[in-house]
file coords-v2.cif (mmCIF, C-alpha atoms and all ligand atoms)
data_entry
loop_
_atom_site.label_atom_id
_atom_site.label_comp_id
_atom_site.auth_asym_id
_atom_site.auth_seq_id
_atom_site.Cartn_x
_atom_site.Cartn_y
_atom_site.Cartn_z
CA MET A 1 -31.11 5.32 9.01
CA ALA A 2 -34.42 4.23 7.46
CA GLY A 3 -34.53 1.35 4.98
CA ALA A 4 -31.62 -0.78 3.81
CA PRO A 5 -28.52 1.34 3.28
CA SER A 6 -26.83 0.93 -0.07
CA PRO A 7 -23.24 -0.35 0.13
CA ALA A 8 -21.91 3.08 -0.78
CA ALA A 9 -24.05 5.00 1.71
CA PRO A 10 -22.08 6.90 4.32
CA LYS A 11 -22.59 5.92 7.94
CA SER A 12 -25.07 8.07 9.73
CA GLY A 13 -23.35 10.69 11.83
CA ALA A 14 -20.46 10.82 9.39
CA SER A 15 -22.12 13.04 6.83
CA SER A 16 -19.21 15.49 6.86
CA VAL A 17 -16.92 12.67 5.78
CA ASP A 18 -16.81 12.44 2.03
CA ALA A 19 -15.50 8.91 1.74
CA ALA A 20 -16.46 8.40 -1.89
CA PRO A 21 -13.88 8.49 -4.67
CA SER A 22 -13.76 11.84 -6.41
CA ALA A 23 -13.48 10.59 -10.00
CA GLY A 24 -16.23 8.83 -11.99
CA GLY A 25 -16.34 5.16 -13.00
CA PRO A 26 -16.44 2.07 -10.79
CA PRO A 27 -14.10 2.27 -7.80
CA ILE A 28 -10.97 0.12 -7.90
CA LEU A 29 -11.36 -0.25 -4.12
CA ALA A 30 -14.49 -0.06 -2.00
CA VAL A 31 -14.13 -0.54 1.75
CA HIS A 32 -17.43 -0.65 3.56
CA ASP A 33 -18.06 -0.54 7.32
CA LEU A 34 -14.80 -2.27 8.21
CA SER A 35 -14.24 -3.08 11.89
CA LYS A 36 -11.54 -5.03 13.69
CA SER A 37 -10.84 -5.52 17.40
CA PHE A 38 -7.81 -7.13 19.00
CA GLY A 39 -8.86 -8.65 22.30
CA GLY A 40 -11.13 -5.97 23.72
CA ALA A 41 -9.44 -3.09 21.92
CA VAL A 42 -11.11 -1.64 18.85
CA ALA A 43 -8.43 -0.95 16.19
CA VAL A 44 -10.75 -0.16 13.27
CA ASP A 45 -14.28 1.05 13.87
CA GLY A 46 -16.72 1.22 10.96
CA VAL A 47 -14.40 2.53 8.26
CA SER A 48 -15.80 3.14 4.75
CA PHE A 49 -14.02 4.69 1.79
CA GLY A 50 -13.33 4.13 -1.87
CA LEU A 51 -10.59 4.74 -4.42
CA ALA A 52 -11.25 5.45 -8.08
CA GLU A 53 -9.18 3.74 -10.75
CA GLY A 54 -5.78 5.45 -10.87
CA GLU A 55 -6.53 7.70 -7.91
CA SER A 56 -3.95 8.48 -5.25
CA VAL A 57 -5.23 8.81 -1.69
CA GLY A 58 -3.31 9.59 1.48
CA LEU A 59 -4.36 7.84 4.68
CA VAL A 60 -3.00 9.74 7.65
CA GLY A 61 -3.51 9.88 11.40
CA PRO A 62 -1.63 9.41 14.66
CA ASN A 63 0.11 6.21 15.72
CA GLY A 64 -2.38 3.53 16.63
CA ALA A 65 -5.19 5.12 14.58
CA GLY A 66 -5.73 1.82 12.72
CA LYS A 67 -4.12 2.59 9.35
CA THR A 68 -1.97 -0.53 9.11
CA THR A 69 -4.90 -2.67 10.25
CA VAL A 70 -7.00 -1.24 7.40
CA PHE A 71 -4.16 -2.15 4.99
CA ALA A 72 -4.00 -5.67 6.40
CA CYS A 73 -7.76 -6.10 5.92
CA ILE A 74 -7.44 -4.97 2.29
CA SER A 75 -4.47 -7.20 1.54
CA GLY A 76 -6.08 -10.14 3.34
CA GLU A 77 -3.57 -10.65 6.13
CA ILE A 78 -6.21 -9.83 8.72
CA ARG A 79 -9.84 -10.87 8.57
CA PRO A 80 -12.11 -8.03 9.66
CA ASP A 81 -14.80 -8.64 12.28
CA THR A 82 -17.35 -6.83 10.13
CA GLY A 83 -17.44 -5.07 6.80
CA THR A 84 -16.49 -5.78 3.23
CA VAL A 85 -13.63 -5.03 0.87
CA ALA A 86 -14.36 -4.99 -2.86
CA PHE A 87 -11.70 -4.72 -5.55
CA ALA A 88 -12.67 -3.75 -9.09
CA GLY A 89 -16.29 -4.52 -8.28
CA ARG A 90 -15.58 -7.93 -6.74
CA ASP A 91 -16.15 -8.73 -3.07
CA LEU A 92 -12.88 -10.20 -1.78
CA GLY A 93 -14.61 -12.08 1.07
CA ARG A 94 -12.14 -14.54 2.58
CA MET A 95 -9.84 -14.55 -0.42
CA PRO A 96 -6.24 -15.26 0.66
CA THR A 97 -3.50 -12.66 0.33
CA TRP A 98 -1.73 -14.28 -2.65
CA ARG A 99 -4.92 -14.31 -4.71
CA ARG A 100 -5.55 -10.66 -3.88
CA ALA A 101 -2.01 -9.92 -5.03
CA ARG A 102 -2.67 -11.72 -8.30
CA LEU A 103 -5.86 -9.75 -8.81
CA GLY A 104 -3.79 -6.58 -8.60
CA ILE A 105 -3.26 -5.47 -5.01
CA GLY A 106 0.39 -4.72 -4.25
CA ARG A 107 1.65 -3.83 -0.80
CA THR A 108 4.76 -2.51 0.90
CA TYR A 109 5.43 -2.91 4.60
CA GLN A 110 6.43 -0.55 7.38
CA ARG A 111 9.55 -2.62 8.05
CA VAL A 112 11.99 -3.14 5.20
CA GLU A 113 12.93 -6.80 4.86
CA VAL A 114 15.69 -7.39 2.35
CA PHE A 115 18.39 -9.98 1.88
CA PRO A 116 21.69 -8.06 2.09
CA GLU A 117 23.74 -10.46 -0.02
CA LEU A 118 21.26 -10.55 -2.93
CA THR A 119 21.32 -8.01 -5.72
CA VAL A 120 18.51 -5.59 -6.40
CA ARG A 121 17.63 -7.51 -9.57
CA ASP A 122 17.52 -10.82 -7.67
CA HIS A 123 15.00 -9.35 -5.23
CA LEU A 124 12.73 -8.51 -8.14
CA LEU A 125 13.25 -11.84 -9.90
CA VAL A 126 12.17 -13.70 -6.77
CA ALA A 127 9.21 -11.36 -6.23
CA ASP A 128 8.20 -11.95 -9.85
CA ARG A 129 8.28 -15.74 -9.38
CA VAL A 130 6.42 -15.57 -6.10
CA HIS A 131 3.78 -13.41 -7.75
CA ARG A 132 3.45 -15.92 -10.57
CA ARG A 133 3.56 -18.88 -8.20
CA ARG A 134 6.65 -20.32 -9.84
CA THR A 135 8.08 -20.66 -6.40
CA ALA A 136 6.24 -20.95 -3.13
CA LEU A 137 8.62 -19.22 -0.77
CA TRP A 138 11.59 -16.93 -0.64
CA ARG A 139 13.76 -19.76 0.63
CA ASP A 140 13.37 -21.53 -2.72
CA LEU A 141 15.68 -18.84 -4.01
CA VAL A 142 18.63 -20.88 -2.77
CA ASN A 143 18.08 -23.42 -5.54
CA ARG A 144 16.48 -21.21 -8.14
CA SER A 145 17.02 -21.80 -11.84
CA ALA A 146 18.41 -19.16 -14.19
CA PRO A 147 15.96 -16.38 -15.03
CA THR A 148 14.15 -16.56 -18.35
CA ALA A 149 14.28 -13.75 -20.93
CA ASP A 150 10.69 -12.85 -19.99
CA GLU A 151 11.54 -12.61 -16.32
CA LEU A 152 14.55 -10.43 -17.07
CA ALA A 153 12.47 -8.17 -19.32
CA ARG A 154 9.66 -7.76 -16.79
CA THR A 155 11.94 -7.06 -13.87
CA GLY A 156 14.19 -4.84 -15.99
CA ALA A 157 11.21 -2.66 -16.89
CA VAL A 158 10.30 -2.26 -13.22
CA LEU A 159 13.91 -1.44 -12.28
CA GLU A 160 13.84 1.39 -14.82
CA MET A 161 10.39 2.58 -13.69
CA VAL A 162 11.56 2.89 -10.11
CA GLY A 163 14.97 4.31 -11.03
CA LEU A 164 17.00 1.35 -9.77
CA GLY A 165 18.62 0.54 -13.13
CA PRO A 166 22.06 1.87 -12.14
CA VAL A 167 22.26 -0.30 -9.00
CA ALA A 168 20.45 -3.38 -10.38
CA ASP A 169 23.40 -5.73 -9.97
CA ARG A 170 24.68 -4.50 -6.63
CA PRO A 171 23.99 -6.42 -3.43
CA VAL A 172 21.28 -4.69 -1.46
CA GLY A 173 23.50 -4.75 1.66
CA ALA A 174 25.82 -2.22 -0.01
CA LEU A 175 22.99 0.29 -0.53
CA GLY A 176 21.46 2.85 1.80
CA LEU A 177 18.03 2.71 3.41
CA GLY A 178 16.54 5.06 0.80
CA THR A 179 17.50 2.65 -1.97
CA CYS A 180 16.23 -0.32 0.04
CA ARG A 181 12.88 1.43 0.33
CA LEU A 182 12.81 1.71 -3.46
CA VAL A 183 13.65 -2.01 -3.71
CA GLU A 184 10.72 -2.72 -1.42
CA LEU A 185 8.52 -0.55 -3.62
CA ALA A 186 9.80 -2.18 -6.83
CA ARG A 187 9.03 -5.59 -5.34
CA ALA A 188 5.44 -4.57 -4.71
CA VAL A 189 5.18 -3.20 -8.24
CA VAL A 190 6.64 -6.23 -10.05
CA GLY A 191 3.18 -7.77 -10.51
CA ARG A 192 1.97 -4.46 -12.01
CA PRO A 193 -0.76 -3.98 -9.41
CA ARG A 194 -3.77 -1.78 -10.14
CA LEU A 195 -3.71 -0.72 -6.51
CA LEU A 196 -0.57 -0.09 -4.48
CA LEU A 197 -0.79 0.02 -0.69
CA ALA A 198 2.28 1.83 0.63
CA ASP A 199 2.70 1.75 4.42
CA GLU A 200 5.07 4.47 5.68
CA PRO A 201 7.46 4.21 2.72
CA SER A 202 9.40 7.35 3.77
CA SER A 203 10.17 6.07 7.25
CA GLY A 204 13.89 6.61 7.95
CA LEU A 205 14.52 8.51 4.72
CA ASP A 206 16.08 11.95 4.48
CA GLU A 207 14.44 14.85 2.67
CA LEU A 208 16.12 14.18 -0.67
CA GLU A 209 15.29 10.46 -0.59
CA THR A 210 11.69 11.29 0.31
CA ALA A 211 11.44 13.66 -2.65
CA GLU A 212 12.79 10.90 -4.90
CA LEU A 213 10.21 8.49 -3.47
CA ALA A 214 7.44 11.03 -4.12
CA SER A 215 8.40 11.37 -7.76
CA VAL A 216 8.54 7.57 -8.20
CA LEU A 217 5.08 7.17 -6.64
CA ARG A 218 3.70 9.95 -8.82
CA ALA A 219 5.25 8.39 -11.93
CA LEU A 220 3.74 4.99 -11.12
CA GLN A 221 0.36 6.61 -10.76
CA ARG A 222 0.65 8.70 -13.93
CA SER A 223 2.36 6.33 -16.35
CA GLU A 224 1.00 3.01 -15.08
CA GLY A 225 -2.42 4.26 -14.00
CA MET A 226 -1.81 2.67 -10.62
CA ALA A 227 -4.13 3.70 -7.80
CA VAL A 228 -2.12 4.43 -4.68
CA LEU A 229 -3.19 4.32 -1.04
CA LEU A 230 -0.39 5.97 0.91
CA VAL A 231 0.07 5.90 4.67
CA ASP A 232 2.84 8.24 5.78
CA HIS A 233 3.80 10.56 8.59
CA ASP A 234 5.61 12.90 6.22
CA VAL A 235 2.94 15.44 5.31
CA ALA A 236 5.07 16.83 2.47
CA LEU A 237 5.12 13.37 0.87
CA VAL A 238 1.37 12.99 1.30
CA GLU A 239 0.81 16.45 -0.18
CA ALA A 240 3.06 15.65 -3.15
CA VAL A 241 1.51 12.27 -3.90
CA ALA A 242 -2.13 12.28 -2.82
CA ASP A 243 -5.06 13.63 -4.85
CA ARG A 244 -7.18 13.32 -1.73
CA VAL A 245 -6.58 12.64 1.95
CA LEU A 246 -8.43 10.57 4.54
CA VAL A 247 -7.71 11.11 8.21
CA MET A 248 -8.11 8.34 10.78
CA ASP A 249 -8.18 8.73 14.53
CA LEU A 250 -9.08 6.05 17.09
CA GLY A 251 -10.13 3.60 14.38
CA ARG A 252 -12.45 5.97 12.52
CA VAL A 253 -12.27 8.18 9.47
CA VAL A 254 -12.63 11.65 10.94
CA ALA A 255 -12.03 13.79 7.86
CA SER A 256 -11.66 13.49 4.11
CA GLY A 257 -11.02 15.90 1.27
CA THR A 258 -8.20 17.78 -0.41
CA PHE A 259 -4.91 18.05 1.45
CA GLU A 260 -5.49 21.73 2.24
CA ALA A 261 -9.09 21.30 3.41
CA VAL A 262 -8.27 18.30 5.56
CA MET A 263 -5.24 19.90 7.22
CA ALA A 264 -7.41 22.88 8.19
CA ALA A 265 -10.21 20.74 9.70
CA PRO A 266 -10.63 21.00 13.50
CA ALA A 267 -10.87 17.20 13.92
CA VAL A 268 -7.51 16.85 12.20
CA ARG A 269 -5.85 19.57 14.21
CA ARG A 270 -7.08 17.83 17.35
CA ALA A 271 -5.89 14.39 16.23
CA TYR A 272 -2.51 15.68 15.08
CA LEU A 273 -1.69 18.67 17.17
CA GLY A 274 -3.89 18.13 20.19
CA THR A 275 -5.58 21.46 19.50
CA ALA A 276 -8.56 22.72 17.53
N1 LIG A 301 -1.86 -7.83 15.71
C1 LIG A 301 -2.29 -7.02 16.66
N2 LIG A 301 -2.61 -7.48 17.89
C2 LIG A 301 -3.06 -6.67 18.87
N3 LIG A 301 -3.27 -5.35 18.71
C3 LIG A 301 -2.98 -4.81 17.51
C4 LIG A 301 -2.47 -5.62 16.42
N4 LIG A 301 -2.29 -4.80 15.36
C5 LIG A 301 -2.65 -3.57 15.76
N5 LIG A 301 -3.06 -3.57 17.03
C6 LIG A 301 -3.55 -2.41 17.79
O1 LIG A 301 -4.55 -1.80 17.00
C7 LIG A 301 -4.45 -0.39 17.03
C8 LIG A 301 -4.23 0.16 15.63
O2 LIG A 301 -2.94 -0.22 15.19
P1 LIG A 301 -2.42 0.06 13.73
O3 LIG A 301 -3.41 -0.38 12.74
O4 LIG A 301 -1.06 -0.53 13.65
O5 LIG A 301 -2.33 1.65 13.74
P2 LIG A 301 -1.49 2.66 12.84
O6 LIG A 301 -0.96 1.89 11.66
O7 LIG A 301 -2.43 3.74 12.48
O8 LIG A 301 -0.37 3.17 13.71
C9 LIG A 301 -3.31 -0.08 17.99
O9 LIG A 301 -3.84 0.17 19.25
C10 LIG A 301 -2.50 -1.35 17.99
O10 LIG A 301 -1.81 -1.52 19.20
MG MG A 302 0.98 1.59 10.96
#
call {"tool": "encode", "arguments": {"input": "coords-v2.cif", "output": "C-alpha cells"}}
result
Amino acid sequence: MAGAPSPAAPKSGASSVDAAPSAGGPPILAVHDLSKSFGGAVAVDGVSFGLAEGESVGLVGPNGAGKTTVFACISGEIRPDTGTVAFAGRDLGRMPTWRRARLGIGRTYQRVEVFPELTVRDHLLVADRVHRRRTALWRDLVNRSAPTADELARTGAVLEMVGLGPVADRPVGALGLGTCRLVELARAVVGRPRLLLADEPSSGLDELETAELASVLRALQRSEGMAVLLVDHDVALVEAVADRVLVMDLGRVVASGTFEAVMAAPAVRRAYLGTA
C-alpha cells in the first residue's frame, strides 16, 4: 500500500472485508490491526473493525478462531502484540481493565461465575460497588455495609431491564443456568456501558432461554442505546441480535456484512461447514 495508511484503511488483500461500521458518526469502538500470539501460535492476526454507537455486531467463527482473545484485548485483560483499540475516539493504549469498564466497556464471560448463596440483587449490588470502586474485590462483600438508596435504585432498574425483578431476592444457587446467564449479563450492565461485549452468553441454554436472552440483548440495544459485540455459536441468536456480522477464522476477519450475506459467503461456509 503506497503512502501512510489512515487508521481506518482496510488492510491490503482484505478489500472484500467491509470492517467499517455501517452507521454514520464516530465509532464507539475502533479496532485497528490487532495481533496477538501465545508462544509461537498466532491467535489474532491483523484484525480491524469498528462498531458505530448503538450498533449490534455478531462476531462468529469456529473454536480457536481468536474471538475471545479479541474481546480480551478490547477489555484490557490481554495486551496485544500490535494494533490499537480506540473507544469513543480515545486510544485505550495500556489502560487497565477497570478504567476501561468505567469509560463504558462492559463484558460477560464464557464461564458463569456466581456465588450460589448470594441473591440476584446482591450480585448486582457488589458489581455496582466494584464498578464505582467502593470496594476493591468481591471478597469485601463479606463485610459490606447496607446498600444505599441510590445503590438500590440503580440495581433495581437493571434488574427490571433484564427481567430479573421477580427473582431479585432469591439465592442464585436456587436458579437455573438460564437465569444465571441473565445475572451475569445484568452484572455487566450495572455500570450502564456504552459497549457490551458478550462472550457466548447462550452457552448451555435451551431454545426458550436463548430466545429470552435475545430479547433482553435487543432491548438493551434499543432502549439504552448500548452497542453490543456478541460472540455466540447459536446462529439464531446472532441473527436475532446482530445488525451486522463479522466472521473470524484462524485469527483473521474473513467476512463481514449482513447475516444473510455472510452466511452465504464461501469463506464462511468453509470455516463453518468445511465446504464451499
Ligand atoms: N491464554 C492463552 N494462552 C495460550 N494460548 C491461548 C490463550 N488464549 C487463547 N489461546 C489460543 O489462541 C487461539 C484463539 O483462542 P480464542 O481467542 O479463545 O478463540 P475463540 O474464542 O474464537 O474460540 C486458540 O488456539 C487458543 O488455544
Ligand atoms: Mg472463545
call {"tool": "closest_atom_pairs", "arguments": {"input": "coords-v2.cif", "of": "chain A", "to": "ligand LIG 301 (chain A)", "cutoff": "9 Å", "atoms": "only C-alpha atoms and all ligand atoms", "output": "tab-separated table"}}
result
residue	atom	partner	partner_atom	distance
A:Lys36	CA	A:LIG301	O1	8.4
A:Ser37	CA	A:LIG301	O1	7.3
A:Phe38	CA	A:LIG301	C2	4.8
A:Gly39	CA	A:LIG301	C2	7.0
A:Ala41	CA	A:LIG301	O9	7.0
A:Val42	CA	A:LIG301	O1	6.8
A:Ala43	CA	A:LIG301	O1	4.1
A:Val44	CA	A:LIG301	C8	6.9
A:Val60	CA	A:LIG301	O7	7.7
A:Gly61	CA	A:LIG301	O7	6.3
A:Pro62	CA	A:LIG301	O7	6.1
A:Asn63	CA	A:LIG301	O8	3.7
A:Gly64	CA	A:LIG301	O5	3.4
A:Ala65	CA	A:LIG301	O7	3.7
A:Gly66	CA	A:LIG301	O3	3.2
A:Lys67	CA	A:LIG301	O7	3.7
A:Thr68	CA	A:LIG301	O6	3.7
A:Thr69	CA	A:LIG301	O3	3.7
A:Val70	CA	A:LIG301	O3	6.5
A:Phe71	CA	A:LIG301	O3	8.0
A:Ala72	CA	A:LIG301	O3	8.3
A:Ile78	CA	A:LIG301	N1	8.5
A:Gln110	CA	A:LIG301	O6	8.9
A:Asp199	CA	A:LIG301	O6	8.1
A:Glu200	CA	A:LIG301	O6	8.9
A:Val231	CA	A:LIG301	O6	8.1
A:Met248	CA	A:LIG301	O7	7.5
A:Asp249	CA	A:LIG301	O7	7.9
A:Leu250	CA	A:LIG301	C8	7.8
A:Gly251	CA	A:LIG301	C8	6.9
call {"tool": "write_last_selection", "arguments": {"input": "coords-v2.cif", "atoms": "C-alpha atoms", "output": "compact mmCIF listing (two decimals), keeping the file's coordinate frame"}}
result
# COMPACT_ATOMS: atom_id res chain seq x y z
CA LYS A 36 -11.54 -5.03 13.69
CA SER A 37 -10.84 -5.52 17.40
CA PHE A 38 -7.81 -7.13 19.00
CA GLY A 39 -8.86 -8.65 22.30
CA ALA A 41 -9.44 -3.09 21.92
CA VAL A 42 -11.11 -1.64 18.85
CA ALA A 43 -8.43 -0.95 16.19
CA VAL A 44 -10.75 -0.16 13.27
CA VAL A 60 -3.00 9.74 7.65
CA GLY A 61 -3.51 9.88 11.40
CA PRO A 62 -1.63 9.41 14.66
CA ASN A 63 0.11 6.21 15.72
CA GLY A 64 -2.38 3.53 16.63
CA ALA A 65 -5.19 5.12 14.58
CA GLY A 66 -5.73 1.82 12.72
CA LYS A 67 -4.12 2.59 9.35
CA THR A 68 -1.97 -0.53 9.11
CA THR A 69 -4.90 -2.67 10.25
CA VAL A 70 -7.00 -1.24 7.40
CA PHE A 71 -4.16 -2.15 4.99
CA ALA A 72 -4.00 -5.67 6.40
CA ILE A 78 -6.21 -9.83 8.72
CA GLN A 110 6.43 -0.55 7.38
CA ASP A 199 2.70 1.75 4.42
CA GLU A 200 5.07 4.47 5.68
CA VAL A 231 0.07 5.90 4.67
CA MET A 248 -8.11 8.34 10.78
CA ASP A 249 -8.18 8.73 14.53
CA LEU A 250 -9.08 6.05 17.09
CA GLY A 251 -10.13 3.60 14.38
call {"tool": "closest_residue", "arguments": {"input": "coords-v2.cif", "among": "A:Ala198, A:Leu205, A:Ala186, A:Met95", "to": "ligand MG 302 (chain A)", "atoms": "all atoms listed in the file"}}
result
A:Ala198
call {"tool": "residues_near_point", "arguments": {"input": "coords-v2.cif", "point": "(8.7, 11.9, 2.4)", "cutoff": "10 Å", "atoms": "only C-alpha atoms", "output": "ChimeraX atom specification"}}
result
/A:200-214,232-241
call {"tool": "atom_distance", "arguments": {"input": "coords-v2.cif", "atom1": "CA of Arg132 in chain A", "atom2": "CA of Gly106 in chain A"}}
result
13.2 Å
call {"tool": "closest_residue", "arguments": {"input": "coords-v2.cif", "among": "A:Val216, A:Leu182, A:Leu118, A:Leu230", "to": "ligand MG 302 (chain A)", "atoms": "only C-alpha atoms and all ligand atoms"}}
result
A:Leu230
call {"tool": "closest_residue", "arguments": {"input": "coords-v2.cif", "among": "A:Arg133, A:Arg244, A:Arg192, A:Arg111", "to": "ligand MG 302 (chain A)", "atoms": "all atoms listed in the file"}}
result
A:Arg111
call {"tool": "atom_distance", "arguments": {"input": "coords-v2.cif", "atom1": "CA of Pro96 in chain A", "atom2": "CA of Pro147 in chain A"}}
result
27.2 Å
call {"tool": "closest_residue", "arguments": {"input": "coords-v2.cif", "among": "A:Ser48, A:Ser56, A:Thr82, A:Thr108", "to": "ligand MG 302 (chain A)", "atoms": "only C-alpha atoms and all ligand atoms"}}
result
A:Thr108
call {"tool": "closest_residue", "arguments": {"input": "coords-v2.cif", "among": "A:Val228, A:Arg187, A:Leu59, A:Gly93", "to": "ligand MG 302 (chain A)", "atoms": "only C-alpha atoms and all ligand atoms"}}
result
A:Leu59
call {"tool": "residues_around", "arguments": {"input": "coords-v2.cif", "residues": "Glu53 in chain A", "least_positions_apart": "4", "cutoff": "6 Å", "atoms": "all atoms listed in the file", "output": "list in words"}}
result
Pro27, Ile28 and Ala227 of chain A
call {"tool": "atom_distance", "arguments": {"input": "coords-v2.cif", "atom1": "CA of Gly54 in chain A", "atom2": "CA of Phe87 in chain A"}}
result
12.9 Å
call {"tool": "residues_around", "arguments": {"input": "coords-v2.cif", "residues": "Arg100 in chain A", "least_positions_apart": "2", "cutoff": "12 Å", "atoms": "all atoms listed in the file", "output": "PyMOL selection string"}}
result
chain A and resi 29+72-77+85-88+90-98+102-107+131+191+193-196
call {"tool": "write_last_selection", "arguments": {"input": "coords-v2.cif", "atoms": "C-alpha atoms", "output": "short mmCIF file (atom, residue, chain, number, x, y, z; two decimals), keeping the file's coordinate frame"}}
result
data_model
loop_
_atom_site.label_atom_id
_atom_site.label_comp_id
_atom_site.auth_asym_id
_atom_site.auth_seq_id
_atom_site.Cartn_x
_atom_site.Cartn_y
_atom_site.Cartn_z
CA LEU A 29 -11.36 -0.25 -4.12
CA ALA A 72 -4.00 -5.67 6.40
CA CYS A 73 -7.76 -6.10 5.92
CA ILE A 74 -7.44 -4.97 2.29
CA SER A 75 -4.47 -7.20 1.54
CA GLY A 76 -6.08 -10.14 3.34
CA GLU A 77 -3.57 -10.65 6.13
CA VAL A 85 -13.63 -5.03 0.87
CA ALA A 86 -14.36 -4.99 -2.86
CA PHE A 87 -11.70 -4.72 -5.55
CA ALA A 88 -12.67 -3.75 -9.09
CA ARG A 90 -15.58 -7.93 -6.74
CA ASP A 91 -16.15 -8.73 -3.07
CA LEU A 92 -12.88 -10.20 -1.78
CA GLY A 93 -14.61 -12.08 1.07
CA ARG A 94 -12.14 -14.54 2.58
CA MET A 95 -9.84 -14.55 -0.42
CA PRO A 96 -6.24 -15.26 0.66
CA THR A 97 -3.50 -12.66 0.33
CA TRP A 98 -1.73 -14.28 -2.65
CA ARG A 102 -2.67 -11.72 -8.30
CA LEU A 103 -5.86 -9.75 -8.81
CA GLY A 104 -3.79 -6.58 -8.60
CA ILE A 105 -3.26 -5.47 -5.01
CA GLY A 106 0.39 -4.72 -4.25
CA ARG A 107 1.65 -3.83 -0.80
CA HIS A 131 3.78 -13.41 -7.75
CA GLY A 191 3.18 -7.77 -10.51
CA PRO A 193 -0.76 -3.98 -9.41
CA ARG A 194 -3.77 -1.78 -10.14
CA LEU A 195 -3.71 -0.72 -6.51
CA LEU A 196 -0.57 -0.09 -4.48
#
call {"tool": "closest_residue", "arguments": {"input": "coords-v2.cif", "among": "A:Val172, A:Gly178, A:Tyr109, A:Leu164", "to": "ligand MG 302 (chain A)", "atoms": "all atoms listed in the file"}}
result
A:Tyr109
call {"tool": "residues_near_point", "arguments": {"input": "coords-v2.cif", "point": "(-17.3, 0.7, 11.8)", "cutoff": "8 Å", "atoms": "all atoms listed in the file", "output": "list in words"}}
result
Asp33, Leu34, Ser35, Val44, Asp45, Gly46, Val47, Ser48, Thr82, Gly83 and Arg252 of chain A
call {"tool": "residues_around", "arguments": {"input": "coords-v2.cif", "residues": "Val245 in chain A", "least_positions_apart": "5", "cutoff": "6 Å", "atoms": "all atoms listed in the file", "output": "VMD selection string"}}
result
chain A and resid 57 to 59 256 to 259
